[in-house]
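Source file: protein00.txt; contents: compact mmCIF, C-alpha atoms.
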# COMPACT_ATOMS: atom_id res chain seq x y z
CA MET Y 17 0.00 0.00 0.00
CA ILE Y 18 1.51 3.28 -1.06
CA MET Y 19 1.44 6.07 1.42
CA THR Y 20 -1.78 7.95 0.88
CA GLU Y 21 -2.55 11.63 1.05
CA PRO Y 22 -3.11 12.78 4.58
CA THR Y 23 -6.82 13.17 5.09
CA ARG Y 24 -6.64 15.29 8.19
CA ARG Y 25 -7.24 18.92 7.36
CA LYS Y 26 -7.78 21.93 9.50
CA ALA Y 27 -11.52 22.26 10.01
CA SER Y 28 -11.48 26.02 10.36
CA LYS Y 29 -9.17 28.94 10.10
CA GLU Y 30 -9.42 32.37 11.56
CA PRO Y 31 -10.80 34.49 8.72
CA GLU Y 32 -9.56 37.78 10.18
CA LYS Y 33 -5.98 36.49 10.07
CA GLN Y 34 -6.15 35.48 6.43
CA GLY Y 35 -7.16 38.83 5.01
CA ALA Y 36 -5.86 38.36 1.49
CA PRO Y 37 -8.28 37.47 -1.35
CA GLU Y 38 -6.44 34.24 -2.06
CA ALA Y 39 -6.99 33.18 1.54
CA ALA Y 40 -10.71 33.71 1.10
CA ALA Y 41 -10.61 31.74 -2.13
CA LEU Y 42 -8.83 28.91 -0.34
CA SER Y 43 -11.42 28.87 2.42
CA GLN Y 44 -14.19 28.74 -0.17
CA ALA Y 45 -12.44 25.92 -1.99
CA LYS Y 46 -12.07 24.01 1.26
CA GLU Y 47 -15.71 24.40 2.10
CA ASN Y 48 -16.77 23.15 -1.32
CA ARG Y 49 -14.45 20.19 -1.26
CA GLU Y 50 -15.12 16.80 0.18
CA PRO Y 51 -13.03 16.21 3.31
CA ASP Y 52 -10.98 13.42 1.75
CA ALA Y 53 -10.72 14.87 -1.73
CA THR Y 54 -7.31 15.14 -3.37
CA PRO Y 55 -5.97 18.70 -3.08
CA THR Y 56 -6.18 20.67 -6.29
CA VAL Y 57 -3.38 22.53 -8.00
CA GLU Y 58 -5.15 25.84 -7.30
CA ASP Y 59 -5.15 25.08 -3.59
CA GLU Y 60 -1.46 24.36 -3.68
CA THR Y 61 -0.66 27.54 -5.60
CA VAL Y 62 -2.56 29.64 -3.07
CA LEU Y 63 -0.93 27.87 -0.15
CA VAL Y 64 2.52 28.33 -1.63
CA LYS Y 65 1.86 32.03 -2.21
CA ARG Y 66 0.69 32.52 1.35
CA ALA Y 67 3.58 30.49 2.77
CA ARG Y 68 6.01 32.59 0.75
CA GLU Y 69 4.61 35.66 2.50
CA GLY Y 70 5.42 34.03 5.83
CA ASP Y 71 2.07 32.40 6.63
CA LEU Y 72 3.06 29.37 8.70
CA GLU Y 73 -0.48 27.99 8.77
CA ALA Y 74 -0.41 27.68 5.01
CA TYR Y 75 2.97 25.99 5.18
CA ASP Y 76 1.65 23.67 7.86
CA ASP Y 77 -1.03 22.56 5.40
CA LEU Y 78 1.58 21.95 2.73
CA ILE Y 79 3.66 19.86 5.13
CA LYS Y 80 0.65 17.75 6.03
CA ARG Y 81 0.00 17.00 2.38
CA TYR Y 82 3.44 15.64 1.63
CA GLN Y 83 4.98 14.60 4.97
CA GLU Y 84 4.22 10.90 4.55
CA ARG Y 85 5.63 10.61 1.06
CA ILE Y 86 8.73 12.67 1.89
CA TYR Y 87 9.34 10.69 5.05
CA ALA Y 88 8.85 7.38 3.23
CA THR Y 89 11.31 8.29 0.49
CA VAL Y 90 13.97 9.35 2.95
CA TYR Y 91 13.32 6.33 5.14
CA HIS Y 92 13.67 3.86 2.25
CA MET Y 93 16.90 5.58 1.26
CA THR Y 94 18.43 5.49 4.74
CA SER Y 95 16.73 2.44 6.32
CA ASN Y 96 16.81 4.43 9.54
CA HIS Y 97 13.79 6.00 11.21
CA GLU Y 98 15.67 8.63 13.22
CA ASP Y 99 17.71 9.79 10.24
CA ALA Y 100 14.58 9.90 8.11
CA ASN Y 101 12.80 11.99 10.73
CA ASP Y 102 15.63 14.51 10.91
CA LEU Y 103 16.15 14.72 7.16
CA ALA Y 104 12.46 15.05 6.35
CA GLN Y 105 12.07 17.84 8.89
CA GLU Y 106 15.16 19.61 7.63
CA ALA Y 107 13.92 19.33 4.05
CA PHE Y 108 10.67 21.09 4.98
CA ILE Y 109 12.53 23.75 6.97
CA LYS Y 110 14.88 24.38 4.07
CA GLY Y 111 11.87 24.42 1.75
CA PHE Y 112 10.25 27.17 3.80
CA HIS Y 113 13.35 29.35 3.80
CA ALA Y 114 13.93 28.74 0.09
CA LEU Y 115 10.33 29.42 -0.96
CA LYS Y 116 11.31 32.84 -2.32
CA SER Y 117 13.45 31.08 -4.91
CA PHE Y 118 10.61 28.76 -5.92
CA LYS Y 119 9.62 29.94 -9.38
CA GLY Y 120 6.68 27.63 -9.83
CA GLY Y 121 8.18 25.94 -12.89
CA SER Y 122 7.40 22.57 -11.32
CA SER Y 123 4.88 21.63 -8.67
CA PHE Y 124 5.70 22.35 -5.04
CA TYR Y 125 5.59 18.62 -4.48
CA THR Y 126 8.35 17.94 -7.03
CA TRP Y 127 10.36 20.87 -5.73
CA VAL Y 128 10.27 19.85 -2.07
CA TYR Y 129 10.88 16.24 -3.09
CA ARG Y 130 14.05 17.38 -4.82
CA ILE Y 131 15.21 19.21 -1.69
CA ALA Y 132 14.63 16.09 0.41
CA VAL Y 133 16.39 13.83 -2.08
CA ASN Y 134 19.43 16.11 -2.36
CA LYS Y 135 19.65 16.42 1.40
CA THR Y 136 19.44 12.66 1.78
CA ILE Y 137 22.08 11.94 -0.84
CA ASN Y 138 24.46 14.45 0.78
CA PHE Y 139 23.81 12.84 4.15
CA LEU Y 140 24.46 9.35 2.79
CA LYS Y 141 27.72 10.48 1.18
CA GLN Y 142 28.89 11.80 4.55
CA ARG Y 143 27.71 8.70 6.35
CA LYS Y 144 29.53 6.41 3.87
CA ASN Y 145 29.87 2.95 5.37
CA LYS Y 146 28.64 3.84 8.84
CA ALA Y 147 25.13 2.70 8.00
CA HIS Y 148 23.04 1.70 10.97
CA MET Y 149 19.61 0.31 10.27
CA SER Y 150 16.70 1.29 12.47
CA LEU Y 151 13.73 -0.20 10.70
CA ASP Y 152 10.11 0.72 11.10
CA ASP Y 153 7.70 -2.05 12.07
CA LEU Y 154 5.64 -3.84 9.47
CA ASP Y 155 1.97 -3.03 9.55
CA PHE Y 156 -0.72 -5.66 10.13
CA ASN Y 157 -1.56 -5.93 6.42
CA ALA Y 158 1.87 -7.32 5.56
CA GLU Y 159 0.91 -10.77 6.79
CA HIS Y 160 -2.13 -10.79 4.55
CA ASP Y 161 -0.50 -9.51 1.37
CA PRO Y 162 -0.95 -12.41 -1.11
CA ASP Y 163 2.25 -11.58 -2.97
CA LEU Y 164 4.26 -11.69 0.23
CA VAL Y 165 2.52 -14.77 1.50
CA ALA Y 166 3.48 -16.53 -1.71
CA LEU Y 167 7.12 -15.68 -1.13
CA ILE Y 168 7.17 -17.09 2.38
CA SER Y 169 7.50 -20.79 2.99
CA ASP Y 170 4.22 -22.29 4.15
CA LYS Y 171 6.10 -24.92 6.10
CA THR Y 172 7.19 -22.45 8.72
CA PRO Y 173 4.53 -21.80 11.33
CA ARG Y 174 6.15 -18.60 12.65
CA ARG Y 175 5.41 -16.45 9.66
CA GLU Y 176 6.17 -13.10 11.33
CA VAL Y 177 9.77 -14.18 11.96
CA ASN Y 178 10.22 -14.85 8.28
CA LEU Y 179 8.71 -11.54 7.37
CA ALA Y 180 11.03 -9.71 9.75
CA GLU Y 181 14.01 -11.59 8.33
CA LEU Y 182 12.89 -10.81 4.81
CA GLN Y 183 12.53 -7.14 5.71
CA GLU Y 184 16.05 -7.03 7.07
CA LYS Y 185 17.55 -8.76 4.03
CA LEU Y 186 15.64 -6.48 1.72
CA ASN Y 187 16.91 -3.38 3.47
CA GLU Y 188 20.45 -4.73 3.48
CA ALA Y 189 20.24 -5.31 -0.24
CA MET Y 190 18.89 -1.79 -0.76
CA GLN Y 191 21.79 -0.33 1.19
CA LYS Y 192 24.25 -2.10 -1.09
CA LEU Y 193 23.01 -0.12 -4.09
CA SER Y 194 24.53 3.23 -4.98
CA GLU Y 195 22.44 6.27 -3.99
CA PRO Y 196 21.05 7.05 -7.49
CA HIS Y 197 20.12 3.40 -8.06
CA ARG Y 198 18.53 3.11 -4.62
CA LEU Y 199 16.57 6.27 -5.26
CA VAL Y 200 15.17 5.00 -8.55
CA VAL Y 201 14.09 1.71 -6.99
CA THR Y 202 12.54 3.56 -4.04
CA LEU Y 203 10.61 6.02 -6.16
CA HIS Y 204 9.46 3.53 -8.81
CA ASP Y 205 9.12 0.12 -7.23
CA VAL Y 206 8.27 1.14 -3.67
CA GLN Y 207 6.45 4.43 -4.05
CA GLY Y 208 5.01 3.85 -7.50
CA LEU Y 209 6.09 7.08 -9.19
CA SER Y 210 6.22 7.19 -12.98
CA HIS Y 211 9.45 7.46 -14.96
CA GLU Y 212 8.51 11.03 -15.89
CA GLU Y 213 8.03 12.10 -12.29
CA ILE Y 214 11.30 10.46 -11.27
CA ALA Y 215 13.12 12.19 -14.12
CA LYS Y 216 11.80 15.55 -12.89
CA ILE Y 217 12.83 14.87 -9.30
CA MET Y 218 16.27 13.58 -10.25
CA GLU Y 219 16.71 16.23 -12.95
CA CYS Y 220 17.74 13.72 -15.59
CA ASN Y 221 16.11 12.27 -18.72
CA ILE Y 222 13.73 9.34 -18.78
CA GLY Y 223 16.26 7.09 -20.52
CA THR Y 224 18.63 7.52 -17.60
CA VAL Y 225 15.86 6.62 -15.18
CA ARG Y 226 15.05 3.46 -17.14
CA SER Y 227 18.65 2.32 -17.39
CA ARG Y 228 19.29 2.98 -13.72
CA LEU Y 229 16.17 1.08 -12.78
CA PHE Y 230 17.20 -1.90 -14.90
CA TYR Y 231 20.69 -2.00 -13.44
CA ALA Y 232 19.41 -1.57 -9.88
CA ARG Y 233 16.93 -4.42 -10.28
CA GLN Y 234 19.63 -6.69 -11.61
CA GLN Y 235 21.77 -5.89 -8.60
CA MET Y 236 18.92 -6.45 -6.19
CA GLN Y 237 18.08 -9.73 -7.85
CA ALA Y 238 21.62 -10.94 -7.36
CA TYR Y 239 21.68 -9.90 -3.69
CA LEU Y 240 18.31 -11.50 -2.96
CA SER Y 241 18.64 -14.63 -5.10
CA ASP Y 242 18.02 -16.88 -2.08
CA TYR Y 243 14.62 -15.34 -1.53
CA LEU Y 244 13.46 -15.27 -5.15
CA LYS Y 245 12.18 -18.44 -6.69
CA MET N 40 6.89 -12.32 -20.73
CA THR N 41 10.63 -12.98 -20.68
CA PRO N 42 12.31 -14.89 -17.86
CA ASP N 43 14.06 -11.66 -16.84
CA SER N 44 10.86 -9.71 -16.49
CA GLU N 45 9.36 -12.65 -14.64
CA ASN N 46 12.24 -12.44 -12.18
CA PHE N 47 11.79 -8.70 -11.87
CA ASP N 48 8.14 -9.31 -11.09
CA GLN N 49 9.22 -11.53 -8.23
CA LEU N 50 11.58 -8.81 -7.07
CA ARG N 51 8.87 -6.19 -7.30
CA LYS N 52 6.60 -8.37 -5.20
CA LEU N 53 9.36 -8.64 -2.64
CA LEU N 54 9.92 -4.89 -2.73
CA ALA N 55 6.24 -4.44 -1.94
CA LEU N 56 7.16 -5.49 1.59
CA LYS N 57 8.79 -2.12 2.07
CA ARG N 58 5.43 -0.43 1.60
CA HIS N 59 4.31 -2.08 4.82
CA GLU N 60 7.09 -0.49 6.83
CA VAL N 61 5.40 2.29 8.74
CA PRO N 62 6.57 4.64 11.51
CA PRO N 63 5.09 4.35 15.02
CA PRO N 64 1.37 5.14 15.32
CA GLY N 65 0.67 8.85 15.68
CA TYR N 66 4.08 9.79 14.37
CA PHE N 67 2.70 12.09 11.66
CA HIS N 68 0.29 13.85 14.01
CA GLY N 69 3.07 15.94 15.51
CA PHE N 70 5.37 16.05 12.52
CA SER N 71 4.25 19.33 10.95
CA ARG N 72 4.00 20.99 14.36
CA GLU N 73 7.63 20.09 15.07
CA VAL N 74 8.72 21.56 11.75
CA ILE N 75 6.79 24.78 12.38
CA VAL N 76 8.28 25.06 15.89
CA ARG N 77 11.76 24.63 14.46
CA ILE N 78 11.09 27.27 11.81
CA LYS N 79 9.80 29.70 14.45
CA ALA N 80 12.74 28.98 16.76
CA GLY N 81 15.18 29.59 13.94
CA ASP N 82 13.54 32.87 12.96
CA GLY N 83 13.39 34.06 16.57
CA ALA N 84 17.05 33.40 17.15
CA GLN N 85 17.94 35.19 13.93
CA GLU N 86 15.90 38.23 14.85
CA THR N 87 17.27 38.61 18.38
CA THR N 88 20.96 37.91 18.46
CA GLY N 89 22.02 36.33 15.25
CA THR N 90 23.05 33.24 17.14
CA VAL N 91 21.71 31.07 14.33
CA PHE N 92 24.57 32.21 12.19
CA GLU N 93 27.04 31.63 14.97
CA GLY N 94 25.47 28.29 15.78
CA SER N 95 25.52 27.14 12.21
CA TRP N 96 29.09 28.37 11.85
CA LEU N 97 30.15 26.43 14.92
CA ARG N 98 28.13 23.43 13.84
CA ARG N 99 29.81 23.42 10.44
CA PHE N 100 33.20 23.77 12.12
CA TRP N 101 32.41 20.88 14.46
CA GLY N 102 31.02 18.82 11.59
CA LEU N 103 34.27 19.35 9.69
CA PHE N 104 36.21 18.00 12.65
CA GLU N 105 33.94 15.00 12.91
CA THR N 106 34.41 14.08 9.27
CA ARG N 107 38.16 14.80 9.25
CA PRO N 108 39.87 13.62 12.44
CA MET N 109 43.29 14.58 11.07
CA LEU N 110 42.14 18.16 10.83
CA ALA N 111 40.91 18.03 14.42
CA GLY N 112 44.31 16.69 15.54
CA GLY N 113 46.14 19.39 13.62
CA PHE N 114 43.94 22.06 15.13
CA GLY N 115 44.62 20.68 18.62
CA VAL N 116 48.38 20.72 18.03
CA ALA N 117 48.17 24.28 16.71
CA VAL N 118 46.26 25.45 19.79
CA CYS N 119 48.76 23.75 22.13
CA GLY N 120 51.65 25.28 20.20
CA PHE N 121 50.04 28.68 20.45
CA PHE N 122 49.83 28.42 24.24
CA VAL N 123 53.40 27.12 24.61
CA VAL N 124 54.80 29.93 22.45
CA GLY N 125 52.66 32.44 24.34
CA ALA N 126 54.00 31.19 27.69
CA LEU N 127 57.62 31.39 26.46
CA ILE N 128 57.18 34.89 25.11
CA SER N 129 55.50 36.11 28.30
CA SER N 130 58.29 34.71 30.52
CA GLU N 131 60.94 36.38 28.35
CA SER N 132 59.14 39.70 28.39
CA SER N 133 58.77 39.61 32.21
CA GLU N 134 62.53 39.13 32.56
CA ILE N 135 63.18 42.07 30.26
CA SER N 136 60.70 44.33 32.07
CA GLY N 137 62.25 43.35 35.45
CA GLY N 138 65.66 44.36 34.18
CA ILE N 139 64.32 47.69 32.93
CA ALA N 140 62.69 48.40 36.31
CA GLN N 141 65.98 47.78 38.15
CA ALA N 142 67.85 49.98 35.76
CA ALA N 143 65.35 52.79 36.33
CA GLN N 144 65.75 52.58 40.15
CA MET N 145 69.53 52.66 40.04
CA PRO N 146 71.29 56.17 40.15
CA MET N 147 73.24 56.95 37.05
CA GLY N 148 76.58 57.30 38.91
CA ASN N 149 76.33 53.95 40.63
CA PHE N 150 76.28 51.91 37.44
CA ALA N 151 79.94 51.02 37.80
CA ALA N 152 79.60 50.01 41.45
CA ALA N 153 76.31 48.21 40.98
CA PRO N 154 76.23 44.51 41.74
CA ALA N 155 75.84 42.15 38.84
CA GLN N 156 72.22 41.48 39.65
CA THR N 157 69.87 42.79 42.35
CA THR N 158 66.28 42.03 43.10
CA PRO N 159 63.53 44.65 43.43
CA LEU N 160 63.21 43.76 47.17
CA GLN N 161 66.80 44.77 47.79
CA GLY N 162 66.06 48.12 46.21
CA VAL N 163 63.18 48.66 48.65
CA SER N 164 65.25 47.72 51.67
CA ASP N 165 67.89 50.22 50.58
CA GLN N 166 65.31 52.97 50.37
CA LEU N 167 63.74 52.37 53.81
CA PRO N 168 66.60 53.52 56.15
CA SER N 169 67.02 56.76 54.25
CA ALA N 170 63.36 57.44 54.85
CA LEU N 171 64.00 57.05 58.61
CA GLY N 172 66.71 59.70 58.52
CA ALA N 173 69.84 57.59 58.26
CA PRO N 174 71.97 57.59 55.15
CA ALA N 175 71.78 54.32 53.34
CA SER N 176 75.53 54.25 52.68
CA THR N 177 76.37 54.22 56.46
CA LEU N 178 74.31 51.17 57.16
CA PRO N 179 75.72 47.74 56.87
CA GLY N 180 73.88 45.13 54.91
CA GLY N 181 71.49 42.67 56.55
CA SER N 182 67.83 42.34 57.10
CA LEU N 183 65.45 45.24 57.37
CA PHE N 184 64.85 44.71 61.11
CA GLU N 185 68.56 44.51 61.85
CA GLN N 186 69.01 47.81 60.09
CA ILE N 187 66.22 49.43 62.20
CA ASP N 188 67.78 48.06 65.40
CA GLN N 189 71.11 49.47 64.41
CA ILE N 190 69.57 52.87 63.74
CA GLN N 191 67.81 52.82 67.14
CA GLN N 192 71.05 51.90 68.93
CA GLY N 193 72.89 54.73 67.17
CA GLN N 194 70.23 57.25 68.20
CA ARG N 195 70.42 56.13 71.86
CA GLY N 196 74.21 56.43 71.82
CA ARG N 197 73.93 60.06 70.73
CA GLY N 198 71.26 60.80 73.39
CA LYS N 199 68.48 61.33 70.98
CA PRO N 200 65.53 58.99 71.52
CA LEU N 201 63.91 57.66 68.51
CA PHE N 202 60.55 59.35 68.36
CA ILE N 203 57.79 57.69 66.54
CA GLN N 204 54.59 59.64 66.39
CA THR N 205 51.63 57.35 66.93
CA SER N 206 48.85 59.82 67.79
CA ALA N 207 47.13 62.27 65.54
CA PRO N 208 48.79 65.72 65.24
CA GLY N 209 45.87 67.50 66.86
CA GLY N 210 45.62 65.11 69.84
CA ASN N 211 46.13 66.16 73.62
How does the structure come out when it is put into structure tokens?
Amino acid sequence: MIMTEPTRRKASKEPEKQGAPEAAALSQAKENREPDATPTVEDETVLVKRAREGDLEAYDDLIKRYQERIYATVYHMTSNHEDANDLAQEAFIKGFHALKSFKGGSSFYTWVYRIAVNKTINFLKQRKNKAHMSLDDLDFNAEHDPDLVALISDKTPRREVNLAELQEKLNEAMQKLSEPHRLVVTLHDVQGLSHEEIAKIMECNIGTVRSRLFYARQQMQAYLSDYLK
Amino acid sequence: MTPDSENFDQLRKLLALKRHEVPPPGYFHGFSREVIVRIKAGDGAQETTGTVFEGSWLRRFWGLFETRPMLAGGFGVAVCGFFVVGALISSESSEISGGIAQAAQMPMGNFAAAPAQTTPLQGVSDQLPSALGAPASTLPGGSLFEQIDQIQQGQRGRGKPLFIQTSAPGGN
């Protein structure tokens, strides 16, 4: 299950604090929208404009939209919850301070993703071989995923032990990849982004994304040969 | 479907396990608040004292030392060297200033008769008898108290008691 959009939204805002016409437009848009509806581009543009003027409530909304995806990307790159927490927070902080330089050529989502990815790659280069895994727990649905169940031996009664072992091996294999290859696998095979989106985030062409993905999968396949039938 | 793509499908199924890795429950509830607090804290510090710049400068400096231990060692040696050189220079300069002070206390005509080296305390002891009315040249060497005793004995011999005024001038 890919991380979904956060559904929690602020129920009300103080109208006297908003003031600007775009703030009123945003409030109107929020009222008209279903609570769980996907945020529109117009909403994002208004929020970005307000955040650029220093409105932290608007930026708070932007964070809530993308926090799960940003965290997940950084986490899958580092295999460490604490590092992912720090890097994701720092990416959003840097994003806020750099909003003035955001031209709007790409979506805010792509832009902040790029900040997080660059920060993570710089961090990993500094960390080098001192990798320390601190893995998140598997959710309840993992045991019921038919694809995963098929990969696990039915002869073993303690299924959760096998899943935990598989998770560790998978993360170890991921950490053996170079940063660009790990990023492509994370964005495409784990998070389900398209080649086009990945190319925008990594600022390279689609052909490069495809070739990196192919090479990374080959590497992963070799590392995990014992677990692939 | 080629065997390769079949294998990649297996790999992709395995990679799906990573989608089930989730942070602790409630983790995202406070995430944005923490970011906003950090942004506010950073802005506040910048507005008041500019310590953010200093902090980041120090942090970068410290980070450089962490990544390059050789640089940290070199910096430590440089600091130690600085203190050693400073201590040597200060001891030399105190000797020079002591010599200058002695030279300033000594009369110009006595340079030839001056001992090779005297201490500032000896200079003070030489001054004290002359302040009591006795010429310094008539007094033999010795301690300060011996010199006072000798002066007192000399005064008694000449019938003049040594008078030391202890009360205020306007008393009695």
### Distance-based interface of chain Y with chain N, 8 Å, counting only C-alpha atoms, as a ChimeraX atom specification
/Y:17-19,72,76,79-80,83-84,92,97,105-106,108-109,142,151-155,157-158,163-164,167,183,186,205-207,233,236-237,244-245
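Rounded to one decimal, CA of Leu63 in chain Y and CA of Tyr75 in chain Y lie 6.9 Å from each other.
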### Message
Can you measure CA of Ala88 in chain Y to CA of Phe112 in chain Y for me? One decimal in Å is fine.
### Response
19.8 Å
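Considering only C-alpha atoms, the residue among Y:Leu182, Y:Glu219, Y:Leu78, Y:His113 positioned nearest to Asn134 in chain Y is Y:Glu219.
Straight-line separation from CA of His211 in chain Y to CA of Leu199 in chain Y: 12.1 Å.
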### Option closest in space to Arg198 in chain Y, from Y:Phe230, Y:Met149, Y:Tyr129, Y:Tyr87 [counting all atoms listed in the file]
Y:Phe230
